[in-house]
Structures are given as structure tokens and as C-alpha cells.
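Trainee: Next up is a structure, given as C-alpha cells.
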Amino acid sequence: MEHIVSHGTKAANLPFSDAVRVGDVLYLSGQLGNIPGTRNIVPGGIEAETRQMMENIARVLNAQGLSFDHLIRCTVMLADMSQWGAFNEIYVTYFKPGRRPARSAFGTNGLALGALVEMECTAWMGNE
């Protein structure tokens, strides 16, 4: 088992690893739409937060030599389920057609830092 902690996570003094690798599976911690290395959520609403969140996920994946093609499962948490459609409009642009991971989404009564969206993912690091 390998715990992966980025400089940004250390700098923001966050109480978790960016990801944990167990064999050929990488478990990513939930990502928010925060500016990397800070506890500041990007302004601009659900669209801006979703883009930043996806870029934060990309950073974790890229640091391990992976891409969105390697994601096998994601769980989405929305502070307001009425924003599910707006979230999806941004989300789908990060995946090739036919290469979207299995996914669940649910509404919450609040997310860390007052975020509107959070997503955790699992990636396959083995051969396809």
C-alpha cells in the first residue's frame, strides 16, 4: 500500500492523502473545486467548481502517469441536486465517448469548505 500526498495537500495542511494505491487500484480522495494548495473554492458557481474539481482530479491522475481513461468508478456529491444537469455538462467533456466510468451521484446537506460539488474516484493502474 502506498499513500500519495502532493505538495499542495501538504501546504494546505489537509488531513488526508490525495490517493492510496493498493496493487493496481488507485483510490482518489474526494476532490473539490478548490484552488490547488489552498482551502479556497473557485468563484463562479457549479460550472467553475466542476471544471476546477476535474482539473484537480487530473493532477492526481497525471502524477501517477494516468488519465481520465483509467477511471473505473466515481461518486459525485452535490450540495444541490437541481444542479446535476449543469454538473454533467462539464463532466462529460473530460471523457472520450464510450470511456466514462461507472458513477453514482447523490445530494448532501453540505460539503467541506462550502463547496457545491465533490467527487471521489477509483482508477485502474494495470494493463487494459
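Labels for the C-alpha cells follow display order: chains A, B, ..., residues from 1 in each chain, ligands from 1.
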Could you go through chain A and tell me which residues DSSP, when run on the backbone, assigns to alpha helix (DSSP H), listing them as a ChimeraX atom specification?
Mentor: /A:7-11,45-63,84-91
Trainee: So that I have them on file, write out the residues from the current selection with C-alpha atoms, as a PDB file, in the first residue's frame.
Mentor:
ATOM      1  CA  HIS A   7       2.908  19.263  -2.122  1.00  0.00           C
ATOM      2  CA  GLY A   8      -0.400  21.170  -2.376  1.00  0.00           C
ATOM      3  CA  THR A   9      -2.115  18.869   0.115  1.00  0.00           C
ATOM      4  CA  LYS A  10       0.814  19.232   2.498  1.00  0.00           C
ATOM      5  CA  ALA A  11       0.869  23.027   2.028  1.00  0.00           C
ATOM      6  CA  GLY A  45     -20.771  28.581  -9.316  1.00  0.00           C
ATOM      7  CA  ILE A  46     -21.232  24.922 -10.168  1.00  0.00           C
ATOM      8  CA  GLU A  47     -19.668  25.136 -13.635  1.00  0.00           C
ATOM      9  CA  ALA A  48     -16.448  26.758 -12.407  1.00  0.00           C
ATOM     10  CA  GLU A  49     -16.228  24.427  -9.410  1.00  0.00           C
ATOM     11  CA  THR A  50     -16.779  21.362 -11.588  1.00  0.00           C
ATOM     12  CA  ARG A  51     -14.025  22.410 -14.018  1.00  0.00           C
ATOM     13  CA  GLN A  52     -11.585  23.066 -11.168  1.00  0.00           C
ATOM     14  CA  MET A  53     -12.530  19.809  -9.441  1.00  0.00           C
ATOM     15  CA  MET A  54     -11.917  17.869 -12.661  1.00  0.00           C
ATOM     16  CA  GLU A  55      -8.547  19.618 -13.105  1.00  0.00           C
ATOM     17  CA  ASN A  56      -7.660  18.701  -9.507  1.00  0.00           C
ATOM     18  CA  ILE A  57      -8.521  15.062 -10.256  1.00  0.00           C
ATOM     19  CA  ALA A  58      -6.412  15.260 -13.435  1.00  0.00           C
ATOM     20  CA  ARG A  59      -3.422  16.446 -11.362  1.00  0.00           C
ATOM     21  CA  VAL A  60      -3.660  13.426  -9.063  1.00  0.00           C
ATOM     22  CA  LEU A  61      -4.034  11.061 -12.015  1.00  0.00           C
ATOM     23  CA  ASN A  62      -1.243  12.679 -14.055  1.00  0.00           C
ATOM     24  CA  ALA A  63       1.167  12.472 -11.113  1.00  0.00           C
ATOM     25  CA  TRP A  84     -26.976  17.800 -11.606  1.00  0.00           C
ATOM     26  CA  GLY A  85     -27.557  18.796 -15.244  1.00  0.00           C
ATOM     27  CA  ALA A  86     -25.111  21.723 -15.108  1.00  0.00           C
ATOM     28  CA  PHE A  87     -22.530  19.452 -13.471  1.00  0.00           C
ATOM     29  CA  ASN A  88     -22.972  16.793 -16.176  1.00  0.00           C
ATOM     30  CA  GLU A  89     -22.474  19.322 -18.989  1.00  0.00           C
ATOM     31  CA  ILE A  90     -18.925  19.939 -17.739  1.00  0.00           C
ATOM     32  CA  TYR A  91     -18.205  16.389 -16.508  1.00  0.00           C
TER      33      TYR A  91
END
Trainee: Name all residues at most 12 Å from stretch 12-28 of chain A (count only C-alpha atoms; drop same-chain ones fewer than 6 positions away) and give them as a ChimeraX atom specification.
Mentor: /A:1-6,34-40,56-61,63-67,70-75,112-113,118-128
Trainee: Keeping only N, CA and C atoms, take the residues you just selected and write them out as a compact mmCIF listing (two decimals), in the first residue's frame.
Mentor:
# COMPACT_ATOMS: atom_id res chain seq x y z
N MET A 1 0.85 -1.17 0.00
CA MET A 1 0.00 0.00 0.00
C MET A 1 0.90 1.24 0.00
N GLU A 2 0.52 2.22 -0.83
CA GLU A 2 1.28 3.46 -0.94
C GLU A 2 0.34 4.65 -0.77
N HIS A 3 0.68 5.55 0.17
CA HIS A 3 -0.09 6.77 0.39
C HIS A 3 0.56 7.89 -0.42
N ILE A 4 -0.23 8.56 -1.24
CA ILE A 4 0.27 9.60 -2.13
C ILE A 4 -0.24 10.95 -1.64
N VAL A 5 0.71 11.83 -1.30
CA VAL A 5 0.36 13.14 -0.77
C VAL A 5 1.13 14.18 -1.57
N SER A 6 0.42 15.08 -2.24
CA SER A 6 1.05 16.11 -3.06
C SER A 6 1.57 17.25 -2.19
N ASN A 34 -11.42 23.49 -5.36
CA ASN A 34 -10.56 24.47 -4.69
C ASN A 34 -9.31 24.76 -5.52
N ILE A 35 -8.76 25.94 -5.32
CA ILE A 35 -7.50 26.31 -5.94
C ILE A 35 -6.43 25.43 -5.30
N PRO A 36 -5.65 24.69 -6.10
CA PRO A 36 -4.67 23.75 -5.54
C PRO A 36 -3.77 24.39 -4.48
N GLY A 37 -3.58 23.65 -3.40
CA GLY A 37 -2.73 24.10 -2.31
C GLY A 37 -3.40 25.08 -1.37
N THR A 38 -4.70 25.33 -1.59
CA THR A 38 -5.42 26.27 -0.72
C THR A 38 -6.74 25.64 -0.27
N ARG A 39 -7.40 26.33 0.60
CA ARG A 39 -8.75 25.94 1.03
C ARG A 39 -9.78 26.90 0.43
N ASN A 40 -9.44 27.51 -0.70
CA ASN A 40 -10.30 28.48 -1.35
C ASN A 40 -11.00 27.86 -2.55
N ASN A 56 -8.33 19.22 -10.70
CA ASN A 56 -7.66 18.70 -9.51
C ASN A 56 -7.54 17.18 -9.58
N ILE A 57 -8.58 16.51 -10.07
CA ILE A 57 -8.52 15.06 -10.26
C ILE A 57 -7.46 14.72 -11.30
N ALA A 58 -7.41 15.49 -12.39
CA ALA A 58 -6.41 15.26 -13.44
C ALA A 58 -5.00 15.35 -12.87
N ARG A 59 -4.76 16.30 -11.96
CA ARG A 59 -3.42 16.45 -11.36
C ARG A 59 -3.02 15.18 -10.60
N VAL A 60 -3.95 14.64 -9.83
CA VAL A 60 -3.66 13.43 -9.06
C VAL A 60 -3.39 12.27 -10.02
N LEU A 61 -4.23 12.13 -11.03
CA LEU A 61 -4.03 11.06 -12.02
C LEU A 61 -2.72 11.23 -12.76
N ALA A 63 0.00 12.72 -11.97
CA ALA A 63 1.17 12.47 -11.11
C ALA A 63 1.50 10.99 -11.03
N GLN A 64 0.52 10.14 -11.35
CA GLN A 64 0.73 8.69 -11.33
C GLN A 64 0.84 8.12 -12.75
N GLY A 65 0.95 9.00 -13.74
CA GLY A 65 1.05 8.57 -15.13
C GLY A 65 -0.27 8.10 -15.70
N LEU A 66 -1.37 8.57 -15.14
CA LEU A 66 -2.71 8.13 -15.55
C LEU A 66 -3.50 9.29 -16.14
N SER A 67 -4.65 8.95 -16.74
CA SER A 67 -5.56 9.95 -17.30
C SER A 67 -6.99 9.57 -16.92
N HIS A 70 -8.35 6.01 -17.27
CA HIS A 70 -8.08 4.98 -16.26
C HIS A 70 -9.14 4.91 -15.16
N LEU A 71 -10.05 5.88 -15.11
CA LEU A 71 -11.07 5.86 -14.07
C LEU A 71 -12.08 4.73 -14.31
N ILE A 72 -12.37 4.01 -13.25
CA ILE A 72 -13.34 2.91 -13.37
C ILE A 72 -14.62 3.19 -12.57
N ARG A 73 -14.54 4.11 -11.59
CA ARG A 73 -15.71 4.39 -10.75
C ARG A 73 -15.57 5.78 -10.16
N CYS A 74 -16.67 6.53 -10.12
CA CYS A 74 -16.70 7.85 -9.47
C CYS A 74 -17.98 7.98 -8.65
N THR A 75 -17.88 8.71 -7.57
CA THR A 75 -19.04 9.05 -6.75
C THR A 75 -19.09 10.57 -6.66
N ALA A 112 -17.53 20.11 2.44
CA ALA A 112 -16.41 20.83 3.03
C ALA A 112 -16.17 22.15 2.30
N LEU A 113 -15.77 23.15 3.04
CA LEU A 113 -15.44 24.49 2.54
C LEU A 113 -16.60 25.18 1.85
N GLU A 118 -18.38 17.68 -5.03
CA GLU A 118 -17.20 16.89 -4.66
C GLU A 118 -17.30 15.57 -5.39
N MET A 119 -16.14 15.03 -5.80
CA MET A 119 -16.16 13.74 -6.46
C MET A 119 -14.95 12.93 -6.03
N GLU A 120 -15.20 11.65 -5.72
CA GLU A 120 -14.12 10.72 -5.43
C GLU A 120 -14.13 9.66 -6.53
N CYS A 121 -12.94 9.14 -6.84
CA CYS A 121 -12.82 8.22 -7.96
C CYS A 121 -11.90 7.06 -7.61
N THR A 122 -12.02 6.02 -8.41
CA THR A 122 -11.14 4.86 -8.35
C THR A 122 -10.58 4.64 -9.74
N ALA A 123 -9.29 4.41 -9.83
CA ALA A 123 -8.64 4.21 -11.12
C ALA A 123 -7.94 2.86 -11.17
N TRP A 124 -7.90 2.28 -12.36
CA TRP A 124 -7.20 1.02 -12.61
C TRP A 124 -5.83 1.36 -13.18
N MET A 125 -4.78 0.85 -12.54
CA MET A 125 -3.42 1.15 -12.96
C MET A 125 -2.80 -0.01 -13.74
N GLY A 126 -3.53 -1.09 -13.89
CA GLY A 126 -3.00 -2.26 -14.58
C GLY A 126 -3.13 -2.12 -16.09
N ASN A 127 -2.81 -3.18 -16.77
CA ASN A 127 -2.96 -3.20 -18.23
C ASN A 127 -4.43 -3.29 -18.59
N GLU A 128 -4.78 -2.63 -19.70
CA GLU A 128 -6.19 -2.64 -20.13
C GLU A 128 -6.54 -3.97 -20.76
Trainee: Skipping near chain neighbours, those fewer than 4 positions away, what residues fall within 8 Å of A:Ala105 using only C-alpha atoms, listed as a list in words?
Mentor: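 Skipping anything fewer than 4 positions along the chain leaves Thr75, Val76, Met77 and Leu78 of chain A.
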Trainee: What is the distance, in Å and to one decimal place, between atom CA of A:Val42 and atom CA of A:Asn109?
Mentor: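 A separation of 19.9 Å between them.
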Trainee: I'd like to know which of A:Gly44, A:Phe68, A:Gln31, A:Asp80 is closest to A:Val92, using only C-alpha atoms.
Mentor: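 Counting only C-alpha atoms, the residue closest to A:Val92 is A:Phe68.
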Trainee: Go ahead and compute the interatomic distance for atom CA of A:Arg99 and atom CA of A:Leu116, in Å to one decimal.
Mentor: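 About the pair atom CA of A:Arg99 and atom CA of A:Leu116: they are 25.3 Å apart.
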Trainee: Could you work out how far atom CA of A:Gly114 lies from atom CA of A:Ile41, giving the answer in Å with one decimal?
Mentor: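 So the two atoms, atom CA of A:Ile41 and atom CA of A:Gly114, lie 8.0 Å apart.
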Trainee: When DSSP is applied to the backbone of this structure, which of chain A are assigned strand (DSSP E or B)? Write them out as a PyMOL selection string.
Mentor: chain A and resi 2-4+19-22+25-31+34+41+71-78+102-107+117-124
